Amino acid sequence: MILEGWEKAVSARKTVAIIGAGPVGLAAAAHVLDRGMTPVVLESGPEAGHSVRQWQHVQLFSPWEYNVDKAAARLLAPTGWNSPDPAVYPTGAELLDRYIEPLATRTALRDAIRTSSRVIAVGRAGFDKAKTKGREAVPFEIRYRNGKGPETLRADAVIDASGTWASPNPAGAGGLRAIGEREAQPKIAYGMPDVLGRDRARYAGKTVAVLGAGHSAIGTLADLATLARQAPGTRPVWLLRGGNPEKSFGGGVNDKLAARGELGAHLASLVASGQVQVEAGFPVAAVSQTDGRLRIATSTACCGRSIVADELVVATGFRPDFSFLSEIRLRLDPAIEAPVALAPLIDPNEHSCGTVRPHGARELEHDDRGFYLAGMKSYGRAPTFLMITGYEQVRSIAADIAGDKEAAERLELELPETGVCTRGGVESGTPAAGCCGGPAPASVGACWADDASAKAAGKPGCGCS
């Protein structure tokens with residue numbers, strides 16, 4: 001008991017800087033507080049959950065049971081907070097109203113959050129990146145800007161949960177901006193604009209090209225199809241770099257995240273009925289403006305394909321911003337830009353079916369001990385992140401910082417399986433019978449027969465795509 005009390009006293013002296021007050025950043029603060037340490041949360045926006053506010057019109061693919069962190073729930077319980085129905089799928093607005101805002105304003109975390117505080121640099125106090133001897137003995141130095149000017153914070157550990165929302169991928173197929181993309185910015189939106197709400201006037205009655213194959217693109221196309229029924233002249237055009245639209249239709253009824261499966265099936269029906277025009281095999285190379293419209297082309301030469309649209313939505317995913325971490329010794333996978341130990345678990349070149357194994361501090365720490373990436377940012381360029389994965393990450397990280405190595409190593413999360421290996425046809429929107437051995441039995445937690453067989457043999461899945 002004396003030793004346990006001493007360890008808690010040591011933990012209580014530790015200050016942990018957390019970058020970002022989104023769901024994972026706030027969960028990190030709750031776990032840090034739960035461990036008797038002092039969290040300081042630096043949020044670049046004017047309120048907690050600033051990035052969520054940009055997509056609050058979107059329904060999440062996972063129900064409440066996967067979106068509430070356990071330590072956060074313990075903080076909220078004494079405030080009279082009513083836990084949402086675990087089976088209901090919230091929108092971003094509901095996530096803010098029923099979880100993020102109460103957590104940030106009605107619990108002890110309200111005193112830990114510094115809003116309008118944009119981090120501009122992180123390093124070791126008095127040590128540049130090249131200096132090694134004595135490095136781990138000095139605290140981290142975090143520099144940030146707020147309304148009063150530049151500020152400095154020193155901390156024993158840093159959890160970067162700043163996400164990727166502010167750094168979307170460009171339209172260019174090679175990962176670079178398309179020629180003319182920067183100049184065409186006024187007619188380009190990134191991510192998921194609120195087509196049926198805040199941004200309705202911008203898109204109603206227009207030809208709108210949507211570039212991307214993921215769920216952000218699918219959701220925007222579905223909303224545009226709805227808008228087209230309400231506002232004549234609205235025409236959604238789906239631009240796909242790849243040649244197989246059906247890959248984006250997902251696992252349908254086999255998807256363990258039902259809302260995601262339903263969205264893919266809905267898009268398949270829209271394509272089949274001609275409500276969404278498909279331009280497959282369309283890697284964007286150039287964007288130009290003519291008479292107030294956009295010409296989007298696959299080549300800078302005259303021989304490429306092109307379409308003309310009034311607006312372009314680029315929904316090609318996001319990438320992490322490491323610009324303010326130039327003095328931190330990061331260990332990143334060169335392709336995925338995730339921590340090297342995590343990258344093989346989430347590599348989108350390999351993982352298109354089955355689960356991503358739960359992981360924690362060991363996979364997320366870097367050569368500068370005490371620095372961790374968490375949440376969406378830890379996944380680098382991989383698109384397979386689930387919020388509950390981030391909650392498990394920060395639970396493990398907080399335990400690691402507190403010195404509880406056993407808890408840090410322990411896995412306390414069972415992830416839902418994904419059903420993203422469906423190979424349905426555009427015409428039918430149904431799975432192709434021969435893919436991966438055909439559909440799995442309804443009673444089996446797998447997306448295909450081969451996947452079920454692999455899991456029965458103790459493997460994580462068949463990896464079919």
# chains A, B, ... in the order shown; residues from 1 in each chain; ligands from 1
call {"tool": "select_by_dssp", "arguments": {"residues": "range 148-350 of chain A", "states": "strand (DSSP E or B)", "output": "mmCIF file with N, CA, C and O atoms, in the first residue's frame"}}
result
data_model
loop_
_atom_site.group_PDB
_atom_site.id
_atom_site.type_symbol
_atom_site.label_atom_id
_atom_site.label_comp_id
_atom_site.auth_asym_id
_atom_site.auth_seq_id
_atom_site.Cartn_x
_atom_site.Cartn_y
_atom_site.Cartn_z
ATOM 1 N N GLY A 149 -0.925 35.833 -27.810
ATOM 2 C CA GLY A 149 0.410 35.752 -28.405
ATOM 3 C C GLY A 149 1.011 34.382 -28.173
ATOM 4 O O GLY A 149 0.343 33.445 -27.746
ATOM 5 N N PRO A 150 2.306 34.224 -28.426
ATOM 6 C CA PRO A 150 2.959 32.921 -28.251
ATOM 7 C C PRO A 150 3.067 32.514 -26.787
ATOM 8 O O PRO A 150 3.299 33.349 -25.911
ATOM 9 N N GLU A 151 2.871 31.220 -26.537
ATOM 10 C CA GLU A 151 2.961 30.663 -25.184
ATOM 11 C C GLU A 151 3.842 29.418 -25.225
ATOM 12 O O GLU A 151 4.021 28.793 -26.277
ATOM 13 N N THR A 152 4.357 29.030 -24.052
ATOM 14 C CA THR A 152 5.179 27.828 -23.937
ATOM 15 C C THR A 152 4.681 26.981 -22.779
ATOM 16 O O THR A 152 4.362 27.500 -21.699
ATOM 17 N N LEU A 153 4.598 25.687 -23.019
ATOM 18 C CA LEU A 153 4.202 24.735 -21.991
ATOM 19 C C LEU A 153 5.260 23.651 -21.906
ATOM 20 O O LEU A 153 5.761 23.192 -22.931
ATOM 21 N N ARG A 154 5.613 23.245 -20.696
ATOM 22 C CA ARG A 154 6.522 22.116 -20.513
ATOM 23 C C ARG A 154 5.757 20.947 -19.914
ATOM 24 O O ARG A 154 4.903 21.128 -19.048
ATOM 25 N N ALA A 155 6.065 19.757 -20.424
ATOM 26 C CA ALA A 155 5.320 18.570 -20.004
ATOM 27 C C ALA A 155 6.232 17.362 -19.953
ATOM 28 O O ALA A 155 7.247 17.301 -20.639
ATOM 29 N N ALA A 157 5.159 14.331 -20.780
ATOM 30 C CA ALA A 157 4.786 13.475 -21.907
ATOM 31 C C ALA A 157 3.861 14.258 -22.828
ATOM 32 O O ALA A 157 3.233 15.239 -22.409
ATOM 33 N N VAL A 158 3.787 13.806 -24.071
ATOM 34 C CA VAL A 158 2.933 14.464 -25.065
ATOM 35 C C VAL A 158 2.136 13.395 -25.819
ATOM 36 O O VAL A 158 2.692 12.390 -26.269
ATOM 37 N N ILE A 159 0.837 13.623 -25.948
ATOM 38 C CA ILE A 159 -0.028 12.779 -26.765
ATOM 39 C C ILE A 159 -0.577 13.657 -27.880
ATOM 40 O O ILE A 159 -1.348 14.581 -27.632
ATOM 41 N N ASP A 160 -0.168 13.379 -29.105
ATOM 42 C CA ASP A 160 -0.649 14.149 -30.244
ATOM 43 C C ASP A 160 -1.890 13.454 -30.810
ATOM 44 O O ASP A 160 -1.797 12.446 -31.496
ATOM 45 N N PRO A 168 -6.377 17.615 -45.755
ATOM 46 C CA PRO A 168 -6.952 16.641 -46.689
ATOM 47 C C PRO A 168 -6.006 16.315 -47.832
ATOM 48 O O PRO A 168 -5.142 17.123 -48.201
ATOM 49 N N ILE A 179 -2.584 19.890 -61.430
ATOM 50 C CA ILE A 179 -2.216 21.155 -62.049
ATOM 51 C C ILE A 179 -3.453 22.058 -62.077
ATOM 52 O O ILE A 179 -4.512 21.658 -62.554
ATOM 53 N N ILE A 188 -13.687 24.303 -55.197
ATOM 54 C CA ILE A 188 -13.334 22.963 -54.710
ATOM 55 C C ILE A 188 -13.574 22.890 -53.206
ATOM 56 O O ILE A 188 -13.178 23.799 -52.455
ATOM 57 N N ALA A 189 -14.232 21.833 -52.766
ATOM 58 C CA ALA A 189 -14.416 21.559 -51.339
ATOM 59 C C ALA A 189 -13.756 20.229 -51.026
ATOM 60 O O ALA A 189 -13.717 19.328 -51.868
ATOM 61 N N TYR A 190 -13.243 20.095 -49.813
ATOM 62 C CA TYR A 190 -12.569 18.868 -49.396
ATOM 63 C C TYR A 190 -13.346 18.230 -48.247
ATOM 64 O O TYR A 190 -13.917 18.918 -47.404
ATOM 65 N N THR A 207 -23.947 20.945 -61.624
ATOM 66 C CA THR A 207 -23.264 19.680 -61.881
ATOM 67 C C THR A 207 -22.098 19.600 -60.906
ATOM 68 O O THR A 207 -21.223 20.476 -60.905
ATOM 69 N N VAL A 208 -22.114 18.584 -60.071
ATOM 70 C CA VAL A 208 -21.118 18.468 -58.997
ATOM 71 C C VAL A 208 -20.341 17.168 -59.177
ATOM 72 O O VAL A 208 -20.925 16.080 -59.142
ATOM 73 N N ALA A 209 -19.050 17.286 -59.375
ATOM 74 C CA ALA A 209 -18.179 16.115 -59.473
ATOM 75 C C ALA A 209 -17.663 15.770 -58.090
ATOM 76 O O ALA A 209 -17.228 16.657 -57.347
ATOM 77 N N VAL A 210 -17.716 14.495 -57.734
ATOM 78 C CA VAL A 210 -17.214 14.022 -56.440
ATOM 79 C C VAL A 210 -16.112 13.013 -56.721
ATOM 80 O O VAL A 210 -16.347 11.976 -57.353
ATOM 81 N N LEU A 211 -14.921 13.315 -56.246
ATOM 82 C CA LEU A 211 -13.761 12.453 -56.462
ATOM 83 C C LEU A 211 -13.466 11.655 -55.206
ATOM 84 O O LEU A 211 -13.285 12.221 -54.128
ATOM 85 N N ARG A 235 -26.830 17.608 -60.674
ATOM 86 C CA ARG A 235 -26.362 16.373 -61.327
ATOM 87 C C ARG A 235 -25.066 15.899 -60.671
ATOM 88 O O ARG A 235 -24.020 16.522 -60.829
ATOM 89 N N PRO A 236 -25.113 14.810 -59.912
ATOM 90 C CA PRO A 236 -23.891 14.274 -59.296
ATOM 91 C C PRO A 236 -23.112 13.403 -60.277
ATOM 92 O O PRO A 236 -23.684 12.559 -60.967
ATOM 93 N N VAL A 237 -21.800 13.621 -60.325
ATOM 94 C CA VAL A 237 -20.907 12.832 -61.169
ATOM 95 C C VAL A 237 -19.826 12.241 -60.287
ATOM 96 O O VAL A 237 -19.119 12.975 -59.575
ATOM 97 N N TRP A 238 -19.704 10.942 -60.319
ATOM 98 C CA TRP A 238 -18.739 10.247 -59.460
ATOM 99 C C TRP A 238 -17.462 9.977 -60.243
ATOM 100 O O TRP A 238 -17.463 9.244 -61.229
ATOM 101 N N LEU A 239 -16.362 10.577 -59.796
ATOM 102 C CA LEU A 239 -15.054 10.370 -60.407
ATOM 103 C C LEU A 239 -14.273 9.349 -59.595
ATOM 104 O O LEU A 239 -14.038 9.552 -58.396
ATOM 105 N N GLN A 277 -23.999 9.561 -62.136
ATOM 106 C CA GLN A 277 -23.170 9.252 -63.302
ATOM 107 C C GLN A 277 -21.799 8.802 -62.834
ATOM 108 O O GLN A 277 -21.187 9.438 -61.967
ATOM 109 N N VAL A 278 -21.300 7.713 -63.370
ATOM 110 C CA VAL A 278 -20.011 7.161 -62.961
ATOM 111 C C VAL A 278 -18.974 7.383 -64.053
ATOM 112 O O VAL A 278 -19.196 7.032 -65.216
ATOM 113 N N GLU A 279 -17.843 7.948 -63.656
ATOM 114 C CA GLU A 279 -16.682 8.091 -64.542
ATOM 115 C C GLU A 279 -15.526 7.338 -63.880
ATOM 116 O O GLU A 279 -14.791 7.886 -63.063
ATOM 117 N N ALA A 286 -5.406 17.461 -63.947
ATOM 118 C CA ALA A 286 -5.447 18.912 -64.116
ATOM 119 C C ALA A 286 -6.862 19.431 -63.904
ATOM 120 O O ALA A 286 -7.845 18.747 -64.190
ATOM 121 N N VAL A 287 -6.938 20.647 -63.378
ATOM 122 C CA VAL A 287 -8.208 21.342 -63.197
ATOM 123 C C VAL A 287 -8.034 22.751 -63.739
ATOM 124 O O VAL A 287 -7.088 23.454 -63.363
ATOM 125 N N SER A 288 -8.933 23.166 -64.623
ATOM 126 C CA SER A 288 -8.860 24.519 -65.164
ATOM 127 C C SER A 288 -10.241 25.158 -65.117
ATOM 128 O O SER A 288 -11.258 24.463 -64.957
ATOM 129 N N GLN A 289 -10.287 26.471 -65.234
ATOM 130 C CA GLN A 289 -11.550 27.202 -65.163
ATOM 131 C C GLN A 289 -11.849 27.868 -66.502
ATOM 132 O O GLN A 289 -10.992 28.530 -67.083
ATOM 133 N N THR A 290 -13.086 27.674 -66.953
ATOM 134 C CA THR A 290 -13.538 28.290 -68.196
ATOM 135 C C THR A 290 -14.974 28.753 -68.029
ATOM 136 O O THR A 290 -15.851 27.941 -67.692
ATOM 137 N N ARG A 293 -16.786 27.714 -64.928
ATOM 138 C CA ARG A 293 -16.951 26.294 -64.657
ATOM 139 C C ARG A 293 -15.583 25.620 -64.610
ATOM 140 O O ARG A 293 -14.576 26.221 -65.003
ATOM 141 N N LEU A 294 -15.567 24.399 -64.131
ATOM 142 C CA LEU A 294 -14.321 23.648 -64.007
ATOM 143 C C LEU A 294 -14.210 22.606 -65.111
ATOM 144 O O LEU A 294 -15.178 21.893 -65.400
ATOM 145 N N ARG A 295 -13.060 22.521 -65.690
ATOM 146 C CA ARG A 295 -12.759 21.411 -66.585
ATOM 147 C C ARG A 295 -11.786 20.511 -65.835
ATOM 148 O O ARG A 295 -10.664 20.910 -65.519
ATOM 149 N N ILE A 296 -12.233 19.299 -65.566
ATOM 150 C CA ILE A 296 -11.444 18.350 -64.784
ATOM 151 C C ILE A 296 -10.951 17.286 -65.749
ATOM 152 O O ILE A 296 -11.755 16.638 -66.441
ATOM 153 N N ALA A 297 -9.633 17.116 -65.816
ATOM 154 C CA ALA A 297 -9.063 16.263 -66.853
ATOM 155 C C ALA A 297 -8.111 15.224 -66.290
ATOM 156 O O ALA A 297 -7.507 15.417 -65.228
ATOM 157 N N SER A 306 -11.967 14.243 -70.074
ATOM 158 C CA SER A 306 -12.291 15.381 -69.228
ATOM 159 C C SER A 306 -13.791 15.477 -69.037
ATOM 160 O O SER A 306 -14.567 14.942 -69.841
ATOM 161 N N ILE A 307 -14.184 16.117 -67.962
ATOM 162 C CA ILE A 307 -15.595 16.444 -67.751
ATOM 163 C C ILE A 307 -15.661 17.906 -67.330
ATOM 164 O O ILE A 307 -14.672 18.483 -66.852
ATOM 165 N N VAL A 308 -16.831 18.510 -67.494
ATOM 166 C CA VAL A 308 -17.053 19.890 -67.074
ATOM 167 C C VAL A 308 -18.069 19.882 -65.942
ATOM 168 O O VAL A 308 -19.118 19.230 -66.038
ATOM 169 N N ALA A 309 -17.746 20.571 -64.863
ATOM 170 C CA ALA A 309 -18.633 20.631 -63.707
ATOM 171 C C ALA A 309 -18.620 22.029 -63.121
ATOM 172 O O ALA A 309 -17.707 22.821 -63.374
ATOM 173 N N GLU A 311 -18.843 22.444 -59.704
ATOM 174 C CA GLU A 311 -18.155 22.302 -58.425
ATOM 175 C C GLU A 311 -17.456 20.955 -58.379
ATOM 176 O O GLU A 311 -17.903 19.986 -59.014
ATOM 177 N N LEU A 312 -16.397 20.887 -57.588
ATOM 178 C CA LEU A 312 -15.676 19.634 -57.360
ATOM 179 C C LEU A 312 -15.549 19.390 -55.866
ATOM 180 O O LEU A 312 -15.134 20.287 -55.121
ATOM 181 N N VAL A 313 -15.943 18.207 -55.439
ATOM 182 C CA VAL A 313 -15.737 17.788 -54.047
ATOM 183 C C VAL A 313 -14.635 16.734 -54.056
ATOM 184 O O VAL A 313 -14.768 15.692 -54.702
ATOM 185 N N VAL A 314 -13.564 17.008 -53.339
ATOM 186 C CA VAL A 314 -12.438 16.075 -53.258
ATOM 187 C C VAL A 314 -12.554 15.303 -51.945
ATOM 188 O O VAL A 314 -12.349 15.853 -50.857
ATOM 189 N N PHE A 318 -7.403 11.846 -45.963
ATOM 190 C CA PHE A 318 -6.619 12.854 -45.247
ATOM 191 C C PHE A 318 -5.224 12.306 -44.975
ATOM 192 O O PHE A 318 -4.976 11.115 -45.091
ATOM 193 N N LEU A 332 8.434 6.528 -38.211
ATOM 194 C CA LEU A 332 7.246 6.384 -39.045
ATOM 195 C C LEU A 332 7.496 5.458 -40.224
ATOM 196 O O LEU A 332 8.588 5.446 -40.794
ATOM 197 N N PRO A 339 3.128 5.016 -37.099
ATOM 198 C CA PRO A 339 4.238 4.432 -36.363
ATOM 199 C C PRO A 339 4.614 3.071 -36.946
ATOM 200 O O PRO A 339 3.737 2.293 -37.341
#
call {"tool": "residues_around", "arguments": {"residues": "Gln275 in chain A", "least_positions_apart": "3", "cutoff": "10 Å", "atoms": "only C-alpha atoms", "output": "PyMOL selection string"}}
result
chain A and resi 221-222+224-226+228-229+235-237+267+269-272+278
call {"tool": "write_last_selection", "arguments": {"atoms": "C-alpha atoms", "output": "compact mmCIF listing (two decimals), in the first residue's frame"}}
result
# COMPACT_ATOMS: atom_id res chain seq x y z
CA LEU A 221 -23.02 11.38 -53.62
CA ALA A 222 -26.05 10.04 -51.76
CA LEU A 224 -26.42 15.02 -53.92
CA ALA A 225 -28.86 12.45 -55.30
CA THR A 226 -31.36 13.55 -52.66
CA ALA A 228 -31.27 16.37 -57.22
CA ARG A 229 -34.82 15.20 -56.40
CA ARG A 235 -26.36 16.37 -61.33
CA PRO A 236 -23.89 14.27 -59.30
CA VAL A 237 -20.91 12.83 -61.17
CA LEU A 267 -25.06 4.01 -53.54
CA SER A 269 -28.91 1.37 -56.18
CA LEU A 270 -28.33 5.02 -57.15
CA VAL A 271 -25.71 3.99 -59.68
CA ALA A 272 -27.86 1.19 -61.06
CA VAL A 278 -20.01 7.16 -62.96
call {"tool": "select_by_dssp", "arguments": {"residues": "range 186-391 of chain A", "states": "helix (DSSP H, G or I)", "output": "ChimeraX atom specification"}}
result
/A:186-187,200-203,215-230,245-249,252-254,258-272,323-325,343-346,361-364,375-379,387-391
call {"tool": "residues_around", "arguments": {"residues": "Val284 in chain A", "least_positions_apart": "6", "cutoff": "8 Å", "atoms": "only C-alpha atoms", "output": "list of chain:residue names"}}
result
A:Ala171, A:Gly172, A:Ala173, A:Ala178, A:Arg241, A:Ile296, A:Ala297, A:Thr298, A:Ser299
call {"tool": "closest_residue", "arguments": {"among": "A:Ala29, A:Ile19, A:Ala231, A:Leu60", "to": "Ala398 in chain A", "atoms": "only C-alpha atoms"}}
result
A:Ala29
call {"tool": "atom_distance", "arguments": {"atom1": "CA of His215 in chain A", "atom2": "CA of Ala315 in chain A"}}
result
8.6 Å
call {"tool": "residues_around", "arguments": {"residues": "Arg145 in chain A", "least_positions_apart": "2", "cutoff": "10 Å", "atoms": "only C-alpha atoms", "output": "ChimeraX atom specification"}}
result
/A:42,44,116-121,143,147-152
call {"tool": "atom_distance", "arguments": {"atom1": "CA of Gly304 in chain A", "atom2": "CA of Leu240 in chain A"}}
result
15.0 Å
call {"tool": "closest_residue", "arguments": {"among": "A:Ile401, A:Ala30, A:Leu109, A:Val24", "to": "Leu386 in chain A", "atoms": "only C-alpha atoms"}}
result
A:Val24
call {"tool": "residues_around", "arguments": {"residues": "range 104-106 of chain A", "least_positions_apart": "6", "cutoff": "10 Å", "atoms": "only C-alpha atoms", "output": "ChimeraX atom specification"}}
result
/A:21-23,26,47-49,72,75-76,78-81,96,112-113
call {"tool": "closest_residue", "arguments": {"among": "A:Thr384, A:Thr15, A:Gln56, A:Ser62", "to": "Gly197 in chain A", "atoms": "only C-alpha atoms"}}
result
A:Gln56
call {"tool": "residues_around", "arguments": {"residues": "Asp321 in chain A", "least_positions_apart": "6", "cutoff": "12 Å", "atoms": "only C-alpha atoms", "output": "PyMOL selection string"}}
result
chain A and resi 119-121+160-169+337-338+373+376-381
call {"tool": "write_last_selection", "arguments": {"atoms": "C-alpha atoms", "output": "PDB file, in the first residue's frame"}}
result
ATOM      1  CA  VAL A 119       0.511  24.182 -31.436  1.00  0.00           C
ATOM      2  CA  ILE A 120       3.328  25.420 -33.672  1.00  0.00           C
ATOM      3  CA  ALA A 121       6.288  23.381 -32.387  1.00  0.00           C
ATOM      4  CA  ASP A 160      -0.649  14.149 -30.244  1.00  0.00           C
ATOM      5  CA  ALA A 161      -4.331  13.503 -30.998  1.00  0.00           C
ATOM      6  CA  SER A 162      -4.710  16.426 -33.398  1.00  0.00           C
ATOM      7  CA  GLY A 163      -6.267  14.300 -36.130  1.00  0.00           C
ATOM      8  CA  THR A 164      -5.994  14.820 -39.875  1.00  0.00           C
ATOM      9  CA  TRP A 165      -9.095  16.852 -40.770  1.00  0.00           C
ATOM     10  CA  ALA A 166      -7.105  20.034 -41.452  1.00  0.00           C
ATOM     11  CA  SER A 167      -4.838  18.346 -44.017  1.00  0.00           C
ATOM     12  CA  PRO A 168      -6.952  16.641 -46.689  1.00  0.00           C
ATOM     13  CA  ASN A 169      -5.404  14.768 -49.572  1.00  0.00           C
ATOM     14  CA  GLU A 337       3.140   7.508 -42.259  1.00  0.00           C
ATOM     15  CA  ALA A 338       1.956   5.624 -39.187  1.00  0.00           C
ATOM     16  CA  LEU A 373       0.647   9.679 -31.688  1.00  0.00           C
ATOM     17  CA  MET A 376      -6.778   9.323 -36.469  1.00  0.00           C
ATOM     18  CA  LYS A 377      -3.306  10.854 -36.747  1.00  0.00           C
ATOM     19  CA  SER A 378      -1.682   7.622 -35.595  1.00  0.00           C
ATOM     20  CA  TYR A 379      -3.168   5.860 -38.631  1.00  0.00           C
ATOM     21  CA  GLY A 380      -1.255   8.111 -41.000  1.00  0.00           C
ATOM     22  CA  ARG A 381      -2.784   7.700 -44.454  1.00  0.00           C
TER      23      ARG A 381
END
call {"tool": "closest_residue", "arguments": {"among": "A:Pro139, A:Pro63, A:Gly25, A:Gly264", "to": "Thr220 in chain A", "atoms": "only C-alpha atoms"}}
result
A:Gly264
call {"tool": "decode", "arguments": {"residues": "range 63-71 of chain A", "atoms": "all heavy atoms", "output": "short mmCIF file (atom, residue, chain, number, x, y, z; two decimals), in the first residue's frame"}}
result
data_model
loop_
_atom_site.label_atom_id
_atom_site.label_comp_id
_atom_site.auth_asym_id
_atom_site.auth_seq_id
_atom_site.Cartn_x
_atom_site.Cartn_y
_atom_site.Cartn_z
N PRO A 63 -22.35 2.78 -33.72
CA PRO A 63 -23.34 3.23 -32.73
C PRO A 63 -22.66 3.78 -31.49
O PRO A 63 -21.44 3.70 -31.32
CB PRO A 63 -24.12 1.95 -32.43
CG PRO A 63 -23.16 0.85 -32.68
CD PRO A 63 -22.29 1.31 -33.82
N TRP A 64 -23.47 4.33 -30.60
CA TRP A 64 -22.95 4.98 -29.39
C TRP A 64 -22.03 4.05 -28.59
O TRP A 64 -21.07 4.52 -27.96
CB TRP A 64 -24.10 5.44 -28.50
CG TRP A 64 -24.66 6.78 -28.85
CD1 TRP A 64 -25.89 7.06 -29.37
CD2 TRP A 64 -24.01 8.05 -28.68
NE1 TRP A 64 -26.04 8.40 -29.55
CE2 TRP A 64 -24.91 9.04 -29.14
CE3 TRP A 64 -22.75 8.45 -28.21
CZ2 TRP A 64 -24.61 10.41 -29.12
CZ3 TRP A 64 -22.44 9.80 -28.19
CH2 TRP A 64 -23.36 10.76 -28.64
N GLU A 65 -22.30 2.76 -28.58
CA GLU A 65 -21.48 1.86 -27.76
C GLU A 65 -20.01 1.90 -28.15
O GLU A 65 -19.13 1.58 -27.35
CB GLU A 65 -22.00 0.43 -27.83
CG GLU A 65 -21.85 -0.25 -29.18
CD GLU A 65 -22.23 -1.72 -29.14
OE1 GLU A 65 -21.68 -2.45 -28.28
OE2 GLU A 65 -23.08 -2.14 -29.95
N TYR A 66 -19.71 2.31 -29.39
CA TYR A 66 -18.33 2.40 -29.85
C TYR A 66 -17.79 3.83 -29.83
O TYR A 66 -16.67 4.06 -30.27
CB TYR A 66 -18.22 1.85 -31.28
CG TYR A 66 -18.56 0.39 -31.40
CD1 TYR A 66 -19.42 -0.06 -32.40
CD2 TYR A 66 -18.02 -0.56 -30.52
CE1 TYR A 66 -19.74 -1.40 -32.52
CE2 TYR A 66 -18.34 -1.89 -30.64
CZ TYR A 66 -19.19 -2.31 -31.64
OH TYR A 66 -19.50 -3.65 -31.75
N ASN A 67 -18.58 4.77 -29.34
CA ASN A 67 -18.18 6.17 -29.42
C ASN A 67 -18.05 6.87 -28.07
O ASN A 67 -17.74 8.07 -28.03
CB ASN A 67 -19.17 6.94 -30.30
CG ASN A 67 -19.15 6.47 -31.73
OD1 ASN A 67 -18.10 6.31 -32.32
ND2 ASN A 67 -20.32 6.21 -32.29
N VAL A 68 -18.27 6.16 -26.99
CA VAL A 68 -18.13 6.73 -25.65
C VAL A 68 -16.99 6.04 -24.93
O VAL A 68 -16.99 4.82 -24.77
CB VAL A 68 -19.43 6.59 -24.83
CG1 VAL A 68 -19.23 7.09 -23.41
CG2 VAL A 68 -20.56 7.37 -25.51
N ASP A 69 -16.02 6.80 -24.50
CA ASP A 69 -14.88 6.25 -23.76
C ASP A 69 -15.27 5.96 -22.31
O ASP A 69 -16.03 6.72 -21.69
CB ASP A 69 -13.71 7.25 -23.80
CG ASP A 69 -12.56 6.81 -22.94
OD1 ASP A 69 -11.87 5.85 -23.33
OD2 ASP A 69 -12.37 7.41 -21.87
N LYS A 70 -14.74 4.89 -21.76
CA LYS A 70 -15.13 4.47 -20.41
C LYS A 70 -14.68 5.45 -19.33
O LYS A 70 -15.43 5.77 -18.41
CB LYS A 70 -14.58 3.07 -20.12
CG LYS A 70 -15.23 1.99 -20.97
CD LYS A 70 -14.65 0.61 -20.68
CE LYS A 70 -15.31 -0.45 -21.56
NZ LYS A 70 -14.72 -1.79 -21.33
N ALA A 71 -13.44 5.95 -19.42
CA ALA A 71 -12.97 6.91 -18.42
C ALA A 71 -13.76 8.20 -18.53
O ALA A 71 -14.07 8.85 -17.51
CB ALA A 71 -11.47 7.17 -18.59
#
